[in-house]
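Heads up: the structure comes next, in structure tokens.
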Amino acid sequence: MPVAEVLSPPSPPVNASASQRLSHLRLLEAESIHILREVASEFERPVMLYSIGKDSSVMLRLAQKAFYPAPIPFPLLHVDTGFKFAEMISFRDAMARSVGAELLVWRNETAIAAGTNPIALDTKRCCGLLKTQALLDALRHYNFDAAFGGARRDEEKSRAKERIYSFRDSAGQWDPKNQRPELWNLYNARVHPGESIRVFPLSNWTEMDVWQYIHEEKIPVVDLYFAKERPMYVRGDALLPIEQAFVARLGEQPQMIKSRLRSLGCSPCTGAIRSDADTLPKIIAELLQFRSSERANRVIDHDQEGSMEIKKREGYF
Amino acid sequence: MATITAQPFSVGEFLAEEREKDLLRFSTAGSVDDGKSTLIGRLLYDTQSVYEDQVRSIEGKGTTAPGQIDFALLTDGLRAEREQGITIDVAYRYFSTPRRKFIIADTPGHEQYTRNMATGASTADAAVVLIDASKGVLIQSRRHAYIASLLRVRHVLVAVNKMDLIGYDEAAFRAIERDFTSVLNQIAADTGSPVEVCFVPVSALAGDNIVHRSDAMPWYKGPSLLELLESLPSALETRAAPFRFPVQRVLRPDHTFRGFAGQVASGTVRAGDKITVLPSGRNAQIARIVTFDGDLSEAIAPQSVTLVLDRELDVSRGDLIVSTQAQATVAKRLQAALVWMDARPLQRNRRYLLKHTSQTVPAFVSSLEHRTNIGTLAHEAAETLEMNGIGVVNIDLLRPIALDLYGENRSTGAFILIDAETNSTVAAGMITAASNPATSTSGPVTAEERAARWGHRGGVLELTGPVELIDRIERSLFFRGAITARIELDAVTGIDFSIVDHLIRSKVLAGMIALIVNLAAGETLTAQADGEQITLNASDPVAAIVAVNELLARSGILLSSGNADWEI
């Protein structure tokens, strides 16, 4: 994991004249940095939701860029369900150290101790307790008034209608029919006590943009994104990573499959894909061939019609 | 998203091509009826920008013939919308072609969504206006074109849709082209912002002239809609404009570094350039342009960078750094076109917060020039703007800001209004003129200035009645932005009356409304102002509040009685 690259930002030589035309990635970068700076300047207590995935990795790099040479002026918060892959947790800790940011970890310990898991409960209730409830508790506990998330509008239909500054009432809930108009790059940061804003600096990025940026900027990402031989339970077309014992069905034997994860979630609910893509260019090439969207392997998005919209209304990112 | 399917595929070449791609943002507006969702669904589908699982999830649903995909379902995001078959909100869509990346701001077309259209247009380089060929030019197309022009979307592509329904008839297309060109000319005359327009005959359902040129209309020799979108110049104008840099944040990691973080709103800046910080007017030179990736010799709009100056200046968030050669205007009084976006109508003299670039300043709408009827383009006299209303107003600011006219600079000429009580974003504003009222820049603040700001003159309102109702009356005045001073006579017993009298006079002289309160239980409320006394039924508090506000208006204390906020 090349974390060392983050430790030492490039020394400052005077570059050649900037190209007269900015590529789409530079345009997206400029917009995201503007958003990060606005939030840091207008809110009392912002926090960055750091989920360890590729989008969070990009968001974290953009935060470094936004405030350089000053440090990132807000903490990172990871909502840990207890079901994240072990590699994710070690990566998280190394990243936070390398960028010098304060890392807060919040778990719904009561629900975890009660044995909450997506098989004992259904996925909807499991997410509700371990993610949404934990997130709302953490935001309330620390009294954060703005929280950055790495969600993108191209991920899912209800996210296409999300604002960059997404207003949440004092219960953390989203009202899709009553969103604040958002014009130009003028964001309304006004909230009453108890209300908050979720901020999505990557709103206008696509999955392809994210991978291209990771490639161009040499941003470290969790190794699980790269293909290698991994033990998997094979169920029809689905590959289930071996991480939690309770996932196995009776008599099921793991097989070694060259595979990778396209999107990082909780291990019981995140399917892997068969893949030979073990480098960033190969991942990008693979992405061009894909015939299904990145969240297709995320069980939680499909538990009912419009389920992402319902989760978001309840306070999910 | 298999945008490239050539056999010998090289990721290296692909990435090199991708680095050359720029970004074009365009808005669309329309309703289910004119096939807007179908058109967007078709653009996404034909550019291979939808995944199989997304197509699978809508197959067999919708209202099209069996076996046909209802493209509209690809874009209807919210459950509430699917249930009602309508589009409520702005949705953003993404697709790319080998030449360019695109962001679509997809907005509904009915009048009650004018504000959504304005939102979509605010960041767009181009607008795709839909006309249903079988119906001709309707108010919706007109409205969208007006908003595109008002928000200075330079390029308008008119997609004359449903050509299949009229037998691909050229004469009908030409008639629409003629009609709508004349509409666009009238609009440009009103907004002062001409658009560059192209007409394309299309059928979104059949796919004619959306992505691929169609054989169905040999009389049309022009490019397809997508080809046009690929060839439009993107927002290059911002680079030619004078340098503008709103300071978002002062970065001071240690005593050796002090930099001003922001995004270049327009123009170009180079190390060594002479700059002026507004509104203070102090000059300096650019010492460094700092980024995480190393210093730059030059930065262009819309890059986000950090500027270091060659000397210590007092610069803070909200200041505008500009080229010394081409400075911005510093003004406290604006004339602006507003698009009203809130259910609560515009109130003159109510306290709003004006957010412009990176600063927020208290602001008051002092008067309305007119309201524009988009149907007729007539300018109508108006006292207020309601939701989705568009008009020109005069605004007074508490502090001067550095600005450009919206016609010259979309970044430094735009603002939003936020209601200081509810925190809602209530309006989008485009500055059309700016000035500094000569009377208010020096000398003591006059009674006229206070009255213009607060919406009332100094005066006395004497109230006798139950405390709950008196509290609500006080709150109703407070909510409308009035400055009141409450003096409870019970609390000042034993004090020489001449002192109390002097106290009241000083409040009135300072422009406040002095509320003289006599608490009394019972079913009636008596109110007295400027010699007029009224007695009201205290059991109908709303009627009583309205009556008291009207009394204050009759007495000349309140400058208008309309639009007070009764909901307290």
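Here, A, B, ... name the chains of the structure tokens in the order displayed, residue numbers run from 1 inside each chain, and ligands are numbered from 1 in the same displayed order.
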Please provide as a ChimeraX atom specification all residues within 12 Å of B:Arg457, with the sequence filter that same-chain residues fewer than 2 positions apart are discarded (counting only C-alpha atoms).
-> /B:446-455,459-461,482-484,507-514,552-553,555-560
Print the selection's residues with N, CA, C and O atoms to a file, as a short mmCIF file (atom, residue, chain, number, x, y, z; two decimals), in the first residue's frame.
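Final output, saved to part.cif:
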data_model
loop_
_atom_site.label_atom_id
_atom_site.label_comp_id
_atom_site.auth_asym_id
_atom_site.auth_seq_id
_atom_site.Cartn_x
_atom_site.Cartn_y
_atom_site.Cartn_z
N THR B 446 -30.19 59.21 8.59
CA THR B 446 -31.41 60.01 8.65
C THR B 446 -32.64 59.14 8.92
O THR B 446 -32.60 57.92 8.73
N ALA B 447 -33.71 59.80 9.33
CA ALA B 447 -34.98 59.09 9.58
C ALA B 447 -35.47 58.41 8.31
O ALA B 447 -36.00 57.30 8.36
N GLU B 448 -35.26 59.06 7.16
CA GLU B 448 -35.70 58.48 5.88
C GLU B 448 -34.94 57.19 5.60
O GLU B 448 -35.51 56.22 5.11
N GLU B 449 -33.64 57.23 5.86
CA GLU B 449 -32.84 56.03 5.62
C GLU B 449 -33.30 54.89 6.50
O GLU B 449 -33.41 53.75 6.07
N ARG B 450 -33.57 55.21 7.76
CA ARG B 450 -34.04 54.15 8.67
C ARG B 450 -35.38 53.59 8.21
O ARG B 450 -35.60 52.40 8.20
N ALA B 451 -36.25 54.52 7.82
CA ALA B 451 -37.58 54.08 7.38
C ALA B 451 -37.46 53.18 6.16
O ALA B 451 -38.14 52.16 6.05
N ALA B 452 -36.55 53.54 5.25
CA ALA B 452 -36.39 52.74 4.04
C ALA B 452 -35.86 51.35 4.40
O ALA B 452 -36.23 50.35 3.80
N ARG B 453 -34.99 51.31 5.39
CA ARG B 453 -34.40 50.04 5.79
C ARG B 453 -35.39 49.17 6.56
O ARG B 453 -35.55 47.99 6.32
N TRP B 454 -36.06 49.81 7.54
CA TRP B 454 -36.86 49.02 8.49
C TRP B 454 -38.31 48.83 8.05
O TRP B 454 -39.02 48.00 8.59
N GLY B 455 -38.74 49.67 7.12
CA GLY B 455 -40.11 49.54 6.66
C GLY B 455 -41.12 50.26 7.55
O GLY B 455 -42.33 50.05 7.42
N GLY B 459 -42.76 55.65 16.00
CA GLY B 459 -44.14 55.94 16.38
C GLY B 459 -44.51 55.21 17.65
O GLY B 459 -43.74 54.39 18.15
N VAL B 460 -45.69 55.53 18.16
CA VAL B 460 -46.15 54.91 19.41
C VAL B 460 -47.39 54.07 19.13
O VAL B 460 -48.32 54.52 18.49
N LEU B 461 -47.36 52.84 19.64
CA LEU B 461 -48.54 51.97 19.57
C LEU B 461 -48.88 51.59 21.00
O LEU B 461 -48.06 51.01 21.70
N ALA B 482 -39.63 44.67 11.94
CA ALA B 482 -39.79 45.95 12.63
C ALA B 482 -38.90 46.00 13.88
O ALA B 482 -38.64 44.98 14.50
N ILE B 483 -38.44 47.20 14.19
CA ILE B 483 -37.64 47.39 15.40
C ILE B 483 -38.59 47.96 16.46
O ILE B 483 -39.09 49.08 16.33
N THR B 484 -38.87 47.17 17.48
CA THR B 484 -39.83 47.61 18.48
C THR B 484 -39.15 47.72 19.85
O THR B 484 -38.14 47.08 20.10
N LYS B 507 -37.11 56.62 21.87
CA LYS B 507 -37.30 55.44 21.00
C LYS B 507 -37.88 55.89 19.65
O LYS B 507 -37.44 55.44 18.59
N VAL B 508 -38.88 56.77 19.73
CA VAL B 508 -39.54 57.20 18.51
C VAL B 508 -38.57 57.99 17.63
O VAL B 508 -38.50 57.80 16.41
N LEU B 509 -37.79 58.85 18.28
CA LEU B 509 -36.81 59.62 17.52
C LEU B 509 -35.79 58.71 16.84
O LEU B 509 -35.29 59.00 15.76
N ALA B 510 -35.48 57.58 17.49
CA ALA B 510 -34.51 56.63 16.92
C ALA B 510 -35.15 55.76 15.84
O ALA B 510 -34.52 54.86 15.32
N GLY B 511 -36.43 56.02 15.54
CA GLY B 511 -37.07 55.30 14.44
C GLY B 511 -37.77 54.03 14.85
O GLY B 511 -38.26 53.28 14.01
N MET B 512 -37.84 53.76 16.17
CA MET B 512 -38.46 52.51 16.61
C MET B 512 -39.97 52.67 16.79
O MET B 512 -40.48 53.79 16.89
N ILE B 513 -40.64 51.52 16.88
CA ILE B 513 -42.04 51.53 17.27
C ILE B 513 -42.08 51.27 18.77
O ILE B 513 -41.70 50.19 19.22
N ALA B 514 -42.49 52.29 19.55
CA ALA B 514 -42.59 52.11 21.00
C ALA B 514 -43.93 51.45 21.31
O ALA B 514 -44.99 51.96 20.94
N LEU B 552 -51.51 50.48 12.10
CA LEU B 552 -50.16 51.06 11.99
C LEU B 552 -49.90 51.59 10.58
O LEU B 552 -49.21 52.60 10.41
N ALA B 553 -50.45 50.91 9.59
CA ALA B 553 -50.28 51.37 8.21
C ALA B 553 -51.06 52.67 7.98
O ALA B 553 -50.54 53.61 7.38
N SER B 555 -51.85 54.85 10.16
CA SER B 555 -51.27 55.94 10.92
C SER B 555 -49.95 56.42 10.31
O SER B 555 -49.36 57.37 10.78
N GLY B 556 -49.48 55.70 9.27
CA GLY B 556 -48.24 56.12 8.61
C GLY B 556 -46.99 55.59 9.30
O GLY B 556 -45.87 55.94 8.92
N ILE B 557 -47.16 54.79 10.33
CA ILE B 557 -45.97 54.24 11.00
C ILE B 557 -45.38 53.12 10.14
O ILE B 557 -44.22 53.17 9.74
N LEU B 558 -46.22 52.12 9.83
CA LEU B 558 -45.77 51.07 8.90
C LEU B 558 -45.89 51.59 7.48
O LEU B 558 -46.91 52.19 7.13
N LEU B 559 -44.87 51.34 6.66
CA LEU B 559 -44.92 51.85 5.30
C LEU B 559 -45.81 51.00 4.41
O LEU B 559 -46.26 51.44 3.38
N SER B 560 -46.04 49.74 4.76
CA SER B 560 -47.05 48.95 4.04
C SER B 560 -47.61 47.93 5.00
O SER B 560 -46.94 47.48 5.91
#
Neighbour list for A:Arg153 as a ChimeraX atom specification, cut-off 8 Å, only C-alpha atoms, skip fewer than 4 positions in-chain = /A:157,159-162,203-206 /B:92-93
Please identify all polymer residues within 12 Å of B:Met217, counting only C-alpha atoms, omitting same-chain residues fewer than 5 positions from it, and present them as a PyMOL selection string.
-> chain B and resi 163-164+166-171+173+200-203+208-209+222-224
Just the selected residues (all heavy atoms), exported as a short mmCIF file (atom, residue, chain, number, x, y, z; two decimals), in the first residue's frame, please.
data_model
loop_
_atom_site.label_atom_id
_atom_site.label_comp_id
_atom_site.auth_asym_id
_atom_site.auth_seq_id
_atom_site.Cartn_x
_atom_site.Cartn_y
_atom_site.Cartn_z
N MET B 163 -41.48 14.46 -34.41
CA MET B 163 -41.61 14.63 -35.86
C MET B 163 -42.30 13.42 -36.48
O MET B 163 -42.97 13.55 -37.52
CB MET B 163 -40.23 14.85 -36.49
CG MET B 163 -39.58 16.21 -36.19
SD MET B 163 -40.52 17.65 -36.75
CE MET B 163 -40.44 17.47 -38.53
N ASP B 164 -42.12 12.25 -35.86
CA ASP B 164 -42.78 11.04 -36.39
C ASP B 164 -44.30 11.19 -36.38
O ASP B 164 -45.00 10.67 -37.25
CB ASP B 164 -42.33 9.80 -35.59
CG ASP B 164 -42.54 9.97 -34.09
OD1 ASP B 164 -42.35 11.10 -33.57
OD2 ASP B 164 -42.90 8.99 -33.41
N ILE B 166 -46.01 13.80 -37.02
CA ILE B 166 -46.53 14.68 -38.07
C ILE B 166 -45.93 14.29 -39.43
O ILE B 166 -45.81 15.12 -40.34
CB ILE B 166 -46.27 16.18 -37.77
CG1 ILE B 166 -44.76 16.45 -37.58
CG2 ILE B 166 -47.02 16.62 -36.53
CD1 ILE B 166 -44.39 17.91 -37.76
N GLY B 167 -45.57 13.02 -39.54
CA GLY B 167 -45.10 12.51 -40.83
C GLY B 167 -43.80 13.16 -41.30
O GLY B 167 -43.57 13.28 -42.50
N TYR B 168 -42.96 13.58 -40.36
CA TYR B 168 -41.66 14.19 -40.68
C TYR B 168 -41.82 15.35 -41.66
O TYR B 168 -41.04 15.52 -42.60
CB TYR B 168 -40.69 13.13 -41.22
CG TYR B 168 -40.41 12.02 -40.23
CD1 TYR B 168 -40.94 10.75 -40.39
CD2 TYR B 168 -39.59 12.26 -39.11
CE1 TYR B 168 -40.68 9.73 -39.47
CE2 TYR B 168 -39.33 11.25 -38.19
CZ TYR B 168 -39.89 9.99 -38.37
OH TYR B 168 -39.62 9.00 -37.45
N ASP B 169 -42.83 16.16 -41.44
CA ASP B 169 -43.21 17.21 -42.38
C ASP B 169 -42.31 18.43 -42.24
O ASP B 169 -42.28 19.09 -41.20
CB ASP B 169 -44.68 17.58 -42.09
CG ASP B 169 -45.15 18.72 -42.98
OD1 ASP B 169 -44.57 18.90 -44.07
OD2 ASP B 169 -46.09 19.43 -42.56
N GLU B 170 -41.60 18.76 -43.31
CA GLU B 170 -40.66 19.88 -43.27
C GLU B 170 -41.38 21.22 -43.06
O GLU B 170 -40.93 22.06 -42.29
CB GLU B 170 -39.83 19.95 -44.56
CG GLU B 170 -38.85 21.13 -44.51
CD GLU B 170 -37.95 21.25 -45.73
OE1 GLU B 170 -38.16 20.52 -46.71
OE2 GLU B 170 -37.04 22.10 -45.68
N ALA B 171 -42.51 21.40 -43.73
CA ALA B 171 -43.20 22.70 -43.65
C ALA B 171 -43.58 23.01 -42.20
O ALA B 171 -43.42 24.14 -41.73
CB ALA B 171 -44.43 22.68 -44.55
N PHE B 173 -42.09 21.89 -39.52
CA PHE B 173 -40.86 22.20 -38.81
C PHE B 173 -40.42 23.65 -39.08
O PHE B 173 -40.08 24.39 -38.16
CB PHE B 173 -39.76 21.22 -39.24
CG PHE B 173 -38.39 21.57 -38.71
CD1 PHE B 173 -38.05 21.33 -37.39
CD2 PHE B 173 -37.44 22.16 -39.55
CE1 PHE B 173 -36.78 21.66 -36.91
CE2 PHE B 173 -36.18 22.49 -39.08
CZ PHE B 173 -35.85 22.24 -37.75
N VAL B 200 -33.30 21.58 -34.41
CA VAL B 200 -33.10 20.22 -34.91
C VAL B 200 -34.45 19.48 -34.87
O VAL B 200 -35.09 19.42 -33.81
CB VAL B 200 -32.11 19.43 -34.01
CG1 VAL B 200 -31.70 18.14 -34.70
CG2 VAL B 200 -30.90 20.27 -33.67
N PRO B 201 -34.88 18.92 -36.01
CA PRO B 201 -36.09 18.10 -35.97
C PRO B 201 -35.74 16.70 -35.48
O PRO B 201 -34.82 16.07 -36.01
CB PRO B 201 -36.53 18.06 -37.45
CG PRO B 201 -35.26 18.25 -38.23
CD PRO B 201 -34.30 19.01 -37.36
N VAL B 202 -36.44 16.23 -34.45
CA VAL B 202 -36.08 14.94 -33.85
C VAL B 202 -37.32 14.11 -33.54
O VAL B 202 -38.44 14.63 -33.48
CB VAL B 202 -35.28 15.11 -32.53
CG1 VAL B 202 -34.05 15.98 -32.74
CG2 VAL B 202 -36.14 15.68 -31.42
N SER B 203 -37.09 12.82 -33.35
CA SER B 203 -38.08 11.98 -32.68
C SER B 203 -37.33 11.19 -31.62
O SER B 203 -36.52 10.32 -31.95
CB SER B 203 -38.77 11.03 -33.65
OG SER B 203 -39.42 10.00 -32.91
N ASP B 208 -34.64 9.48 -34.04
CA ASP B 208 -34.21 10.28 -35.19
C ASP B 208 -33.46 11.53 -34.76
O ASP B 208 -33.99 12.34 -33.99
CB ASP B 208 -35.43 10.73 -36.01
CG ASP B 208 -36.20 9.55 -36.59
OD1 ASP B 208 -35.58 8.73 -37.28
OD2 ASP B 208 -37.43 9.46 -36.32
N ASN B 209 -32.26 11.72 -35.29
CA ASN B 209 -31.47 12.94 -35.08
C ASN B 209 -31.15 13.24 -33.62
O ASN B 209 -30.88 14.38 -33.27
CB ASN B 209 -32.16 14.17 -35.70
CG ASN B 209 -32.09 14.18 -37.22
OD1 ASN B 209 -31.18 13.55 -37.79
ND2 ASN B 209 -33.03 14.84 -37.86
N GLY B 222 -28.62 19.18 -41.42
CA GLY B 222 -27.74 19.58 -40.30
C GLY B 222 -27.34 18.40 -39.42
O GLY B 222 -27.72 17.26 -39.66
N PRO B 223 -26.58 18.70 -38.38
CA PRO B 223 -26.10 17.67 -37.46
C PRO B 223 -27.20 17.18 -36.51
O PRO B 223 -28.23 17.83 -36.34
CB PRO B 223 -25.01 18.39 -36.67
CG PRO B 223 -25.33 19.84 -36.79
CD PRO B 223 -26.06 20.03 -38.06
N SER B 224 -26.96 16.03 -35.90
CA SER B 224 -27.87 15.53 -34.88
C SER B 224 -27.71 16.36 -33.61
O SER B 224 -26.74 17.12 -33.47
CB SER B 224 -27.57 14.06 -34.57
OG SER B 224 -26.36 13.96 -33.85
#
For B:Leu477, which of B:Ile545, B:Val250, B:Ile499, B:Met430 is the closest residue, counting only C-alpha atoms?
->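 Distance minimum relative to B:Leu477 lands on B:Ile545.
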Write down as a PyMOL selection string the residues of stretch 88-135 of chain B whose backbone DSSP state falls under strand (DSSP E).
-> chain B and resi 91-96+100-108+126-132
Do you know which residues are at most 8 Å from stretch 85-89 of chain A counting only C-alpha atoms, after dropping those on the same chain fewer than 3 positions away, and could you put them as a tab-separated table (two decimals) with N, CA and C atoms, in the first residue's frame?
chain	number	residue	atom	x	y	z
A	52	ILE	N	-13.57	4.70	3.59
A	52	ILE	CA	-12.43	3.86	3.21
A	52	ILE	C	-12.46	3.47	1.73
A	92	ARG	N	-7.54	2.22	6.67
A	92	ARG	CA	-8.11	3.44	7.26
A	92	ARG	C	-7.14	4.08	8.24
A	93	ASP	N	-6.61	3.27	9.15
A	93	ASP	CA	-5.74	3.82	10.19
A	93	ASP	C	-4.45	4.38	9.59
A	222	VAL	N	-7.64	0.71	-1.22
A	222	VAL	CA	-7.59	-0.60	-0.56
A	222	VAL	C	-7.33	-1.69	-1.61
A	223	ASP	N	-6.48	-2.63	-1.23
A	223	ASP	CA	-6.07	-3.71	-2.12
A	223	ASP	C	-7.23	-4.58	-2.62
A	224	LEU	N	-8.34	-4.57	-1.88
A	224	LEU	CA	-9.50	-5.39	-2.27
A	224	LEU	C	-10.06	-5.00	-3.64
A	243	GLU	N	-15.39	-13.77	5.12
A	243	GLU	CA	-14.86	-12.86	6.13
A	243	GLU	C	-15.60	-13.11	7.44
A	266	CYS	N	-20.00	-3.68	3.66
A	266	CYS	CA	-19.83	-4.67	4.71
A	266	CYS	C	-19.61	-6.04	4.06
A	267	SER	N	-18.74	-6.83	4.63
A	267	SER	CA	-18.37	-8.08	3.95
A	267	SER	C	-19.55	-9.02	3.69
Shell of 8 Å around B:Val247, only C-alpha atoms, local chain residues under 2 positions omitted, as a ChimeraX atom specification = /B:245,249-250,260-263,316-321,358
Contacts of B:Phe102 at 8 Å (only C-alpha atoms; same-chain gap of 4+ positions) as a list in words |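 Residues meeting the cut-off are Leu23, Leu24, Arg25, Phe26, Tyr94, Phe95 and Ser96 of chain B.
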Could you please take those selected residues and save C-alpha atoms as a compact mmCIF listing (two decimals), in the first residue's frame?
# COMPACT_ATOMS: atom_id res chain seq x y z
CA LEU B 23 -16.97 19.12 -19.90
CA LEU B 24 -20.19 20.67 -21.15
CA ARG B 25 -23.14 21.31 -18.87
CA PHE B 26 -26.57 21.69 -20.40
CA TYR B 94 -23.92 12.10 -16.75
CA PHE B 95 -22.75 10.69 -20.01
CA SER B 96 -19.77 10.90 -22.23
Residues of stretch 86-314 of chain B in alpha helix (DSSP H), written as a PyMOL selection string = chain B and resi 114-122+139-150+170-191+225-231+237-240
Distance criterion (only C-alpha atoms): nearest to B:Arg410 out of A:Leu130, A:Leu186, A:Leu121, A:Leu36 =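 Once distances to B:Arg410 are computed over only C-alpha atoms, the minimum belongs to A:Leu186.
Minimum atom-to-atom distances from B:Ala491, B:Ile139, B:Ile289, B:Ala175 to chain A were compared using only C-alpha atoms, and the lowest value belongs to B:Ile289.
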Considering only C-alpha atoms, return as a tab-separated table (two decimals) with N, CA and C atoms, in the first residue's frame whatever protein or nucleic-acid residues lie within 8 Å of A:Pro46, sequence-local ones (same chain, fewer than 2 positions apart) excluded.
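This went into result18.tsv:
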chain	number	residue	atom	x	y	z
A	39	VAL	N	-17.50	24.92	2.90
A	39	VAL	CA	-18.04	24.26	4.09
A	39	VAL	C	-17.14	24.51	5.30
A	40	ALA	N	-15.84	24.36	5.09
A	40	ALA	CA	-14.90	24.55	6.21
A	40	ALA	C	-14.99	25.98	6.74
A	43	PHE	N	-19.27	26.58	8.30
A	43	PHE	CA	-19.89	25.81	9.37
A	43	PHE	C	-19.01	25.83	10.62
A	44	GLU	N	-19.67	25.65	11.75
A	44	GLU	CA	-18.96	25.63	13.02
A	44	GLU	C	-18.17	24.34	13.19
A	48	MET	N	-15.71	14.96	8.04
A	48	MET	CA	-15.72	14.22	6.78
A	48	MET	C	-16.00	12.76	7.07
A	74	PHE	N	-10.73	19.65	9.64
A	74	PHE	CA	-11.86	18.95	10.28
A	74	PHE	C	-11.46	17.50	10.47
A	75	PRO	N	-12.12	16.80	11.40
A	75	PRO	CA	-11.78	15.39	11.62
A	75	PRO	C	-12.44	14.48	10.58
A	144	PHE	N	-21.90	17.74	15.17
A	144	PHE	CA	-21.44	18.20	13.86
A	144	PHE	C	-22.60	18.87	13.13
A	145	ASP	N	-22.34	20.01	12.50
A	145	ASP	CA	-23.40	20.67	11.75
A	145	ASP	C	-23.26	20.49	10.24
A	146	ALA	N	-22.14	19.91	9.81
A	146	ALA	CA	-22.00	19.59	8.37
A	146	ALA	C	-21.18	18.32	8.27
A	147	ALA	N	-21.58	17.43	7.39
A	147	ALA	CA	-20.86	16.17	7.21
A	147	ALA	C	-20.66	15.93	5.72
A	148	PHE	N	-19.39	15.80	5.33
A	148	PHE	CA	-19.07	15.48	3.93
A	148	PHE	C	-19.29	14.00	3.69
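Atom CA of B:Asp396 lies 4.7 Å from atom CA of B:Arg333.
Each of A:Leu261, A:Met208, A:Ile242, A:Ala111 was checked against chain B using only C-alpha atoms; the smallest atom-to-atom distance is that of A:Met208.
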